[in-house]
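Coordinates from final_3.cif are shown below (mmCIF, C-alpha atoms and all ligand atoms).
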data_target
#
loop_
_atom_site.label_atom_id
_atom_site.label_comp_id
_atom_site.auth_asym_id
_atom_site.auth_seq_id
_atom_site.Cartn_x
_atom_site.Cartn_y
_atom_site.Cartn_z
CA MET V 1 45.06 -5.34 -5.63
CA ARG V 2 43.25 -8.64 -5.85
CA ARG V 3 40.86 -9.17 -2.93
CA SER V 4 38.45 -6.97 -0.98
CA LEU V 5 36.27 -8.19 1.87
CA VAL V 6 33.32 -5.92 2.62
CA LEU V 7 31.51 -6.33 5.95
CA LEU V 8 27.86 -5.23 6.00
CA THR V 9 26.10 -3.91 9.09
CA PHE V 10 23.02 -2.04 10.19
CA ASN V 11 22.41 -1.86 13.95
CA GLU V 12 24.28 -5.10 14.69
CA ILE V 13 25.82 -4.25 18.06
CA GLU V 14 24.53 -7.50 19.56
CA ALA V 15 25.81 -9.77 16.82
CA ALA V 16 28.83 -7.99 15.31
CA PRO V 17 31.25 -8.36 18.26
CA LYS V 18 30.63 -12.13 18.38
CA VAL V 19 30.72 -12.63 14.63
CA LEU V 20 33.74 -10.44 13.85
CA GLU V 21 35.97 -12.70 15.93
CA THR V 22 35.22 -15.59 13.61
CA VAL V 23 35.95 -13.74 10.35
CA PRO V 24 39.29 -14.54 8.63
CA LEU V 25 40.23 -10.90 8.06
CA SER V 26 43.69 -11.72 6.74
CA ILE V 27 42.19 -13.40 3.69
CA ALA V 28 41.93 -10.10 1.81
CA GLU V 29 44.39 -7.25 1.37
CA ASP V 30 41.53 -4.76 1.62
CA VAL V 31 38.96 -5.14 4.43
CA PHE V 32 36.39 -2.54 5.42
CA ALA V 33 32.78 -2.20 6.57
CA VAL V 34 29.81 -0.52 4.94
CA ASP V 35 27.25 0.54 7.50
CA GLY V 36 23.65 1.57 6.84
CA GLY V 37 23.71 4.35 9.45
CA SER V 38 23.67 2.39 12.71
CA LYS V 39 22.63 4.25 15.83
CA ASP V 40 23.46 1.53 18.33
CA GLY V 41 27.25 1.81 18.53
CA THR V 42 28.06 -0.64 15.72
CA ILE V 43 30.11 1.96 13.85
CA GLU V 44 32.11 2.90 16.95
CA PHE V 45 32.67 -0.78 17.75
CA LEU V 46 34.02 -1.55 14.28
CA ARG V 47 36.30 1.49 14.34
CA SER V 48 37.60 0.49 17.77
CA LYS V 49 38.74 -2.74 16.10
CA GLY V 50 40.77 -0.73 13.62
CA LEU V 51 38.38 -1.25 10.72
CA ARG V 52 37.62 1.41 8.16
CA VAL V 53 33.87 2.06 8.17
CA VAL V 54 32.09 3.76 5.29
CA VAL V 55 28.68 5.03 6.38
CA GLN V 56 25.85 5.16 3.85
CA GLU V 57 23.97 8.41 3.33
CA GLU V 58 20.88 6.42 2.45
CA ARG V 59 19.81 3.09 3.94
CA GLY V 60 19.40 -0.19 2.10
CA ARG V 61 21.34 -3.34 1.15
CA GLY V 62 21.39 -2.23 -2.46
CA VAL V 63 22.96 1.10 -1.54
CA ALA V 64 25.46 -0.86 0.60
CA PHE V 65 26.52 -3.09 -2.31
CA GLN V 66 26.98 -0.10 -4.60
CA LEU V 67 29.01 1.84 -2.06
CA GLY V 68 31.05 -1.24 -1.16
CA MET V 69 31.91 -1.83 -4.79
CA ARG V 70 32.85 1.82 -5.29
CA GLU V 71 35.13 1.80 -2.23
CA ALA V 72 36.71 -1.62 -2.81
CA LYS V 73 40.27 -1.58 -4.07
CA GLY V 74 40.37 -5.25 -5.09
CA ALA V 75 39.32 -6.75 -8.41
CA GLN V 76 37.41 -9.42 -6.47
CA VAL V 77 34.91 -8.47 -3.76
CA VAL V 78 33.22 -10.74 -1.22
CA PHE V 79 30.34 -9.35 0.86
CA TYR V 80 29.90 -10.67 4.37
CA SER V 81 27.10 -9.69 6.77
CA LEU V 82 28.00 -9.52 10.44
CA ASP V 83 24.67 -10.80 11.81
CA GLY V 84 25.70 -14.42 12.33
CA ASN V 85 23.67 -15.97 9.50
CA GLU V 86 26.70 -16.59 7.31
CA ASP V 87 29.33 -19.29 7.81
CA PRO V 88 32.69 -17.46 7.80
CA SER V 89 34.58 -20.48 6.49
CA ASP V 90 32.86 -19.95 3.13
CA ILE V 91 34.64 -16.64 2.53
CA ALA V 92 37.75 -18.50 1.35
CA LYS V 93 35.66 -20.77 -0.88
CA LEU V 94 33.99 -17.81 -2.57
CA PHE V 95 37.35 -16.18 -3.30
CA GLU V 96 38.60 -19.50 -4.68
CA LYS V 97 35.72 -19.62 -7.16
CA LEU V 98 36.60 -16.12 -8.32
CA ASP V 99 40.27 -17.16 -8.58
CA ALA V 100 39.10 -20.01 -10.80
CA GLY V 101 37.63 -17.49 -13.23
CA CYS V 102 33.99 -17.14 -12.16
CA ASP V 103 32.32 -13.75 -12.48
CA MET V 104 30.14 -14.32 -9.41
CA ALA V 105 30.15 -16.95 -6.65
CA ILE V 106 27.08 -17.45 -4.46
CA ALA V 107 26.85 -19.24 -1.12
CA SER V 108 23.72 -21.32 -1.72
CA ARG V 109 21.26 -22.33 1.00
CA MET V 110 19.30 -24.42 -1.47
CA MET V 111 21.67 -26.83 -3.21
CA ARG V 112 22.62 -30.36 -2.21
CA GLY V 113 24.76 -30.27 0.93
CA ALA V 114 23.39 -26.88 2.05
CA PHE V 115 21.24 -25.99 5.04
CA ASN V 116 18.54 -23.34 5.19
CA GLU V 117 17.41 -21.74 8.45
CA GLU V 118 13.92 -23.07 7.76
CA ASP V 119 14.95 -26.65 7.02
CA VAL V 120 14.05 -27.66 10.57
CA ARG V 121 10.43 -26.58 10.03
CA LEU V 122 7.63 -28.42 8.28
CA ILE V 123 6.23 -25.27 6.65
CA ARG V 124 9.09 -23.51 4.95
CA LEU V 125 7.27 -20.54 3.51
CA ARG V 126 10.21 -18.19 3.04
CA LYS V 127 12.29 -20.91 1.43
CA TRP V 128 9.51 -21.90 -0.95
CA VAL V 129 8.79 -18.32 -1.98
CA ASN V 130 12.52 -17.81 -2.59
CA GLN V 131 12.64 -20.97 -4.66
CA ALA V 132 9.70 -19.78 -6.76
CA PHE V 133 11.46 -16.49 -7.54
CA THR V 134 14.60 -18.47 -8.36
CA LEU V 135 12.72 -20.84 -10.67
CA ILE V 136 11.16 -17.96 -12.61
CA ALA V 137 14.51 -16.20 -13.09
CA ASN V 138 16.21 -19.39 -14.26
CA PHE V 139 13.33 -20.21 -16.61
CA LEU V 140 13.26 -16.75 -18.16
CA TRP V 141 16.93 -15.94 -18.50
CA ASN V 142 19.41 -18.64 -17.56
CA ARG V 143 21.21 -20.41 -20.39
CA GLY V 144 23.88 -21.90 -18.08
CA PRO V 145 23.72 -24.30 -15.13
CA TYR V 146 20.71 -23.80 -12.82
CA ILE V 147 21.38 -21.24 -10.07
CA THR V 148 19.77 -22.63 -6.89
CA ASP V 149 19.91 -19.54 -4.65
CA THR V 150 19.48 -16.33 -6.63
CA ILE V 151 18.59 -14.37 -3.49
CA ASN V 152 21.31 -14.94 -0.93
CA GLY V 153 23.42 -11.87 -0.33
CA TYR V 154 26.39 -13.94 0.77
CA ARG V 155 28.40 -13.83 -2.42
CA GLY V 156 31.48 -12.59 -4.15
CA LEU V 157 31.91 -11.07 -7.56
CA THR V 158 34.41 -9.28 -9.68
CA LYS V 159 34.29 -5.54 -10.01
CA ALA V 160 34.13 -5.99 -13.76
CA ALA V 161 31.03 -8.19 -13.50
CA PHE V 162 29.32 -5.73 -11.17
CA GLU V 163 29.93 -2.91 -13.62
CA LYS V 164 28.41 -4.94 -16.44
CA MET V 165 25.36 -5.83 -14.33
CA ALA V 166 24.92 -2.21 -13.20
CA PRO V 167 22.35 -3.13 -10.53
CA ASP V 168 20.37 -0.15 -9.26
CA ALA V 169 18.05 -1.64 -6.60
CA LYS V 170 18.33 0.14 -3.28
CA GLY V 171 17.06 -2.51 -0.91
CA PHE V 172 17.18 -6.24 -0.27
CA VAL V 173 16.23 -7.08 -3.86
CA ILE V 174 19.67 -6.15 -5.22
CA GLU V 175 20.95 -9.71 -4.83
CA TYR V 176 18.10 -11.07 -6.97
CA GLN V 177 18.69 -8.30 -9.51
CA MET V 178 22.40 -9.16 -9.73
CA SER V 179 21.58 -12.85 -10.27
CA ILE V 180 19.06 -12.01 -13.00
CA ARG V 181 21.46 -9.69 -14.77
CA ALA V 182 24.29 -12.23 -14.58
CA MET V 183 21.96 -14.67 -16.34
CA LYS V 184 20.94 -12.09 -18.94
CA LEU V 185 24.61 -11.36 -19.65
CA GLY V 186 25.61 -15.02 -19.72
CA LEU V 187 28.19 -14.50 -16.96
CA LYS V 188 29.88 -17.43 -15.28
CA VAL V 189 28.18 -18.04 -11.92
CA ALA V 190 29.29 -20.69 -9.42
CA GLU V 191 27.64 -21.79 -6.19
CA ILE V 192 28.99 -23.42 -3.07
CA PRO V 193 26.74 -25.12 -0.50
CA THR V 194 26.47 -23.14 2.72
CA ARG V 195 24.96 -23.51 6.14
CA GLU V 196 22.67 -20.70 7.26
CA ASN V 197 22.95 -20.14 11.00
CA PRO V 198 20.51 -18.26 13.23
CA ARG V 199 21.23 -14.60 13.94
CA ALA V 200 23.81 -14.05 16.66
CA GLY V 201 21.51 -11.46 18.34
CA GLY V 202 19.59 -8.38 17.28
CA GLU V 203 16.70 -8.18 14.86
CA SER V 204 16.01 -8.71 11.18
CA THR V 205 15.07 -5.71 9.05
CA ALA V 206 13.74 -7.83 6.18
CA LYS V 207 9.99 -8.14 6.62
CA SER V 208 8.63 -10.95 4.47
CA LEU V 209 5.51 -9.44 2.88
CA PRO V 210 6.84 -5.98 1.90
CA THR V 211 10.04 -7.64 0.66
CA GLY V 212 7.98 -10.05 -1.46
CA ILE V 213 6.14 -7.16 -3.10
CA VAL V 214 9.42 -5.40 -3.88
CA PHE V 215 10.67 -8.65 -5.45
CA LEU V 216 7.58 -8.94 -7.66
CA LYS V 217 8.01 -5.35 -8.83
CA GLN V 218 11.69 -5.95 -9.58
CA LEU V 219 10.92 -9.14 -11.46
CA TRP V 220 8.37 -7.32 -13.58
CA ARG V 221 10.83 -4.50 -14.27
CA GLU V 222 13.50 -6.97 -15.39
CA ILE V 223 10.97 -8.64 -17.70
CA VAL V 224 10.09 -5.25 -19.24
CA LEU V 225 13.76 -4.25 -19.56
CA GLY V 226 14.72 -7.55 -21.16
CA ARG V 227 18.26 -8.49 -22.05
CA ASP V 228 19.29 -4.98 -23.14
CA PHE V 229 18.78 -3.41 -19.75
CA LYS V 230 21.32 -0.63 -20.13
N1 LIG S 301 25.39 -1.88 5.12
C1 LIG S 301 24.11 -2.23 5.32
N2 LIG S 301 23.80 -3.43 5.83
C2 LIG S 301 22.50 -3.72 6.02
C3 LIG S 301 21.46 -2.82 5.70
N3 LIG S 301 20.27 -3.41 6.01
C4 LIG S 301 20.58 -4.63 6.50
N4 LIG S 301 21.92 -4.81 6.52
C5 LIG S 301 22.69 -5.98 6.98
O1 LIG S 301 22.44 -7.02 6.10
C6 LIG S 301 22.39 -8.26 6.80
C7 LIG S 301 21.11 -8.98 6.49
O2 LIG S 301 20.00 -8.27 7.03
P1 LIG S 301 18.91 -8.98 7.95
O3 LIG S 301 18.06 -7.93 8.52
O4 LIG S 301 19.62 -9.91 8.88
O5 LIG S 301 18.07 -9.82 6.92
P2 LIG S 301 17.93 -11.40 6.86
O6 LIG S 301 19.29 -12.02 6.97
O7 LIG S 301 17.13 -11.69 5.66
O8 LIG S 301 17.05 -11.70 8.17
P3 LIG S 301 17.35 -12.72 9.40
O9 LIG S 301 17.03 -14.08 8.91
O10 LIG S 301 16.50 -12.30 10.53
O11 LIG S 301 18.80 -12.59 9.78
C8 LIG S 301 22.63 -7.92 8.26
O12 LIG S 301 24.01 -8.09 8.57
C9 LIG S 301 22.26 -6.45 8.34
O13 LIG S 301 22.97 -5.81 9.36
C10 LIG S 301 21.82 -1.54 5.17
O14 LIG S 301 21.00 -0.68 4.89
N5 LIG S 301 23.15 -1.31 5.00
MG MG S 302 20.31 -11.89 8.66
#
Since I need it in another form, could you write the structure as structure tokens?
Amino acid sequence: MRRSLVLLTFNEIEAAPKVLETVPLSIAEDVFAVDGGSKDGTIEFLRSKGLRVVVQEERGRGVAFQLGMREAKGAQVVFYSLDGNEDPSDIAKLFEKLDAGCDMAIASRMMRGAFNEEDVRLIRLRKWVNQAFTLIANFLWNRGPYITDTINGYRGLTKAAFEKMAPDAKGFVIEYQMSIRAMKLGLKVAEIPTRENPRAGGESTAKSLPTGIVFLKQLWREIVLGRDFK
């Protein structure tokens, strides 16, 4: 089987019903959801729509990516979060990049033609901090074209690439870890410009300061591990 589309949720009962309607589910032969243990009816909602839902035993975006990859039947896997941030029309574009032979395709909020949630503000703290982490990773490890958004979770990759990267982060930092390891391995990474929309309801679980500290720790660990991280 070629394509898997993995929907990610954790307590998204406000957003998921609105967002799911906009997702082109027929794009992949294999579509299912990975849920972080929602207690608000998200799981029941998704099942009522006929979707297979795999529920994590432990919370975290990293755990979700690992479980999603394990459960996916396709050789290509695109991850899509049902909170409304992600433009569903990019799903097809990410699969196309994988069809073209890329190991990983990232929907970038930072490149020319893209739009970041914070672009309407004068002080764009989260964006700037993200860009600093991205700059450091590119400087330390990237030998290919500059990756502009190493942190966005809206991405697709091949199962083979994921196995080579062997990311082990449990939380939000897994996306950054995957980007770093793709650079270390010299994998082919493509980006497409995306538009980040506001949440379609509900609340964020990514608190800026604790997440920043986790990122610093992960960065340090990747520096210590170096290119032979396995
Ligand atoms: N499967 C799974 N999904 C999760 C988990 N934690 C968060 N998510 C989902 O991942 C997506 C991103 O999480 P958010 O909390 O929105 O983080 P964010 O996008 O940085 O924050 P906002 O800008 O407020 O949207 C959402 O669709 C969440 O439902 C988890 O433990 N497991
Ligand atoms: Mg979000």
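Remark: for ligand LIG 301 (chain S), the closest of the candidate residues V:Val189, V:Ile147, V:Leu51, V:Val34 is V:Val34 (distances computed over only C-alpha atoms and all ligand atoms).
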Item to complete: For each of V:Leu67, V:Val54, V:Ala15, V:Leu8, take the minimum atom-to-atom distance to V:Ala200, counting only C-alpha atoms, then give the residue where this is smallest.
Response: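 Once distances to V:Ala200 are computed over only C-alpha atoms, the minimum belongs to V:Ala15.
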Practice prompt. Using all atoms listed in the file, collect all residues at a distance of at most 6 Å from (17.9, -0.8, 0.0) as written in the file, then present them as a list in words.
Written response: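 Residues with an atom close enough to that point: Arg59, Gly60, Arg61, Gly62, Val63, Lys170, Gly171 and Phe172 of chain V.
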Practice prompt. Please check which protein, DNA or RNA residues sit within 8 Å of ligand MG 302 (chain S), counting all atoms listed in the file, and write them as a list in words.
Written response: Ser81, Asp83, Gly84, Asn85, Pro198, Arg199 and Ser204 of chain V
Worksheet item: What separation in Å, quoted to one decimal, exists between atom N4 of ligand LIG 301 (chain S) and atom CA of V:Ile43?
Response: 12.9 Å
Worksheet item: atom CA of V:Thr205 to atom O9 of ligand LIG 301 (chain S): how many Å, to one decimal?
Response: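 Atom-to-atom, atom CA of V:Thr205 to atom O9 of ligand LIG 301 (chain S), that is 8.6 Å.
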Kindly compute an axis-aligned box around the listed atoms of ligand LIG 301 (chain S), allowing 6 Å on each side, and express its centre and edge lengths in Å to one decimal as lines of an AutoDock Vina configuration file.
center_x = 20.9
center_y = -7.4
center_z = 7.7
size_x = 20.9
size_y = 25.4
size_z = 17.6
Item to complete: Anything within 10 Å of (38.8, -4.7, -5.7): list those residues as a ChimeraX atom specification, counting only C-alpha atoms and sticking to the file's coordinates.
Response: /V:1-5,28-30,68-78,157-160
Item to complete: Figure out the distance between atom CA of V:Gly36 and atom CA of V:Lys184, please, to one decimal in Å.
Response: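 Atom-to-atom, atom CA of V:Lys184 and atom CA of V:Gly36 are spaced 29.3 Å apart.
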Item to complete: Would you mind telling me which residue in V:Arg52, V:Lys188, V:Gln218, V:Gly113 lies nearest to V:Ala100 when using all atoms listed in the file?
Response: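 Once distances to V:Ala100 are computed over all atoms listed in the file, the minimum belongs to V:Lys188.
Between V:Gly226 and the residues V:Tyr154, V:Trp141, V:Phe133, V:Phe162, the shortest atom-to-atom distance, using only C-alpha atoms, involves V:Trp141.
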Worksheet item: Quick one: of V:Asp119, V:Glu163, V:Glu21, V:Glu58, who's nearest to ligand LIG 301 (chain S), counting all atoms listed in the file?
Response: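 Under the stated criterion, the closest residue is V:Glu58.
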Worksheet item: Using all atoms listed in the file, which of V:Asp87, V:Ile180, V:Val173, V:Asp168 sits nearest V:Leu135?
Response: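 Nearest to V:Leu135: V:Ile180.
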Item to complete: Write out as a PyMOL selection string which residues come within 9 Å of V:Arg109 when counting all atoms listed in the file, dropping same-chain ones fewer than 2 positions away.
Response: chain V and resi 107+111-117+148-149+152+192-196
Item to complete: Find the residues around V:Ala33 up to 6 Å (all atoms listed in the file counted), leave out those fewer than 2 positions away in its own chain, and share them as a ChimeraX atom specification.
Response: /V:6-8,53
